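Everything below concerns the one structure shown next.
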Amino acid sequence: IDETPRLVSSIPEDNMYVSYNWVSGSLISQSSNLIVYKSFFENYSAGAAHPMYGEAYLNYYIPTKKELKLADLFIMSKKSAINRAIRKNARKVSNALYNPNDLSGITCHDDFYLSPKGITFIYQPYEIGPFAAGVIEITVSKAQLTGCLTALGKKLIK
C-alpha cells in the first residue's frame, strides 16, 4: 500500500479558472435636448494578470432620436485642428500618458461625452497610458474648437 500523501482538488478541472463580465450604467445628465449615459464594463479572462475595464458614453440627441457621432458635431475636414486642441489639453494629464513628449497618437474618436465643460474624449486603459493611469479624459472647450463645429455642435458644446 502506497501511503504517500496526495493533494486532492474538490474543484473539477474544467472549473478551475473563473472568468467574468460585468456591466453597469448610470445617467450622467439630461436636458430637453440631450441625454448622456455612462456604461462601465469590466471583464476578467481566466489566467489574466488583472481584469480589464473601461467606460463608454452614449450621447443621445432627443430631437432626432439618435446617438451623436463626431460628424454630427464637427466639420470633419477640420479634424487636424480638433486633434491639435485635444493634444494641447493632453499636456494637462501628461503624467498619465505613455509618452508625454509624443502626443501624435492622441486623436478624436467617437468615445466622448458632452458636459458643461465642453466635449470630453475618453481613452481606455492602455490606449494612451498605462493600466495604472486608468481611463483618461481629455476635455476641450467650445472656445478651443472655433471654426470646427457644425451648427449642432455650436448648439450642444458649451
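A note on labels: chains of the C-alpha cells are A, B, ... as shown, every chain counts residues from 1, and ligands are counted from 1 in their shown order.
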Residues of region 10-157 of chain A in helix (DSSP H, G or I), written as a PyMOL selection string: chain A and resi 13-15+70-73+76-96+131-133+142-145+151-156
12 Å contact set for Lys88 (chain A), only C-alpha atoms, chain neighbours under 6 positions out, as a VMD selection string: chain A and resid 81 to 82 94 100 to 104 106 to 107 138 to 141 144 to 145
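Contact shell of region 114-129 of chain A at 6 Å (only C-alpha atoms; same-chain neighbours under 3 positions omitted): Gly54, Ala96, Leu97, Tyr98, Asp111, Gly134, Val135, Ile136, Glu137, Ile138, Thr139, Val140, Ser141, Lys142, Ile157 and Lys158 of chain A.
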Output N, CA, C and O atoms of each residue in that selection to a file, as an mmCIF file, in the first residue's frame.
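The result, stored in selection_37.cif:
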```
data_model
loop_
_atom_site.group_PDB
_atom_site.id
_atom_site.type_symbol
_atom_site.label_atom_id
_atom_site.label_comp_id
_atom_site.auth_asym_id
_atom_site.auth_seq_id
_atom_site.Cartn_x
_atom_site.Cartn_y
_atom_site.Cartn_z
ATOM 1 N N GLY A 54 -13.295 49.589 -18.488
ATOM 2 C CA GLY A 54 -13.351 50.814 -19.266
ATOM 3 C C GLY A 54 -14.706 51.477 -19.123
ATOM 4 O O GLY A 54 -15.562 51.017 -18.367
ATOM 5 N N ALA A 96 -0.040 60.941 -16.906
ATOM 6 C CA ALA A 96 -0.768 59.688 -17.103
ATOM 7 C C ALA A 96 -0.472 59.046 -18.461
ATOM 8 O O ALA A 96 -0.872 57.916 -18.706
ATOM 9 N N LEU A 97 0.232 59.744 -19.336
ATOM 10 C CA LEU A 97 0.439 59.272 -20.700
ATOM 11 C C LEU A 97 1.687 58.415 -20.833
ATOM 12 O O LEU A 97 2.637 58.549 -20.078
ATOM 13 N N TYR A 98 1.664 57.521 -21.836
ATOM 14 C CA TYR A 98 2.850 56.723 -22.129
ATOM 15 C C TYR A 98 4.035 57.605 -22.478
ATOM 16 O O TYR A 98 5.121 57.441 -21.979
ATOM 17 N N ASP A 111 -15.597 58.035 -28.882
ATOM 18 C CA ASP A 111 -15.743 57.748 -27.458
ATOM 19 C C ASP A 111 -15.627 59.073 -26.707
ATOM 20 O O ASP A 111 -14.537 59.507 -26.344
ATOM 21 N N GLY A 134 -5.551 54.339 -15.535
ATOM 22 C CA GLY A 134 -6.998 54.208 -15.643
ATOM 23 C C GLY A 134 -7.540 54.828 -16.916
ATOM 24 O O GLY A 134 -6.822 55.032 -17.889
ATOM 25 N N VAL A 135 -8.822 55.122 -16.892
ATOM 26 C CA VAL A 135 -9.470 55.791 -18.015
ATOM 27 C C VAL A 135 -9.002 57.247 -18.007
ATOM 28 O O VAL A 135 -9.068 57.915 -16.982
ATOM 29 N N ILE A 136 -8.508 57.715 -19.144
ATOM 30 C CA ILE A 136 -8.000 59.087 -19.242
ATOM 31 C C ILE A 136 -9.029 59.936 -19.980
ATOM 32 O O ILE A 136 -9.508 59.548 -21.051
ATOM 33 N N GLU A 137 -9.365 61.071 -19.407
ATOM 34 C CA GLU A 137 -10.328 62.003 -20.001
ATOM 35 C C GLU A 137 -9.606 63.282 -20.406
ATOM 36 O O GLU A 137 -8.844 63.841 -19.611
ATOM 37 N N ILE A 138 -9.871 63.726 -21.624
ATOM 38 C CA ILE A 138 -9.304 64.990 -22.105
ATOM 39 C C ILE A 138 -10.463 65.861 -22.591
ATOM 40 O O ILE A 138 -11.151 65.500 -23.548
ATOM 41 N N THR A 139 -10.663 66.985 -21.918
ATOM 42 C CA THR A 139 -11.781 67.875 -22.231
ATOM 43 C C THR A 139 -11.303 69.038 -23.088
ATOM 44 O O THR A 139 -10.249 69.616 -22.841
ATOM 45 N N VAL A 140 -12.115 69.383 -24.085
ATOM 46 C CA VAL A 140 -11.841 70.507 -24.978
ATOM 47 C C VAL A 140 -13.055 71.435 -24.928
ATOM 48 O O VAL A 140 -14.196 70.996 -25.078
ATOM 49 N N SER A 141 -12.803 72.715 -24.733
ATOM 50 C CA SER A 141 -13.897 73.687 -24.639
ATOM 51 C C SER A 141 -14.351 74.151 -26.028
ATOM 52 O O SER A 141 -13.625 74.001 -27.011
ATOM 53 N N LYS A 142 -15.518 74.740 -26.057
ATOM 54 C CA LYS A 142 -16.066 75.286 -27.305
ATOM 55 C C LYS A 142 -15.136 76.347 -27.886
ATOM 56 O O LYS A 142 -14.905 76.392 -29.092
ATOM 57 N N ILE A 157 -22.248 71.988 -27.674
ATOM 58 C CA ILE A 157 -20.989 72.061 -26.926
ATOM 59 C C ILE A 157 -20.899 73.425 -26.270
ATOM 60 O O ILE A 157 -20.985 74.451 -26.929
ATOM 61 N N LYS A 158 -20.733 73.410 -24.974
ATOM 62 C CA LYS A 158 -20.727 74.661 -24.185
ATOM 63 C C LYS A 158 -19.356 75.302 -24.190
ATOM 64 O O LYS A 158 -18.349 74.693 -24.249
#
```
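You can rank A:Tyr57, A:Tyr20, A:Asn83, A:Glu42 by their closest distance to Lys69 (chain A) using only C-alpha atoms, and at the top of that list sits A:Tyr57.
Nearest residue to Asn43 (chain A) among A:Leu27, A:Ala56, A:Val18, A:Val93 is A:Val18, counting only C-alpha atoms.
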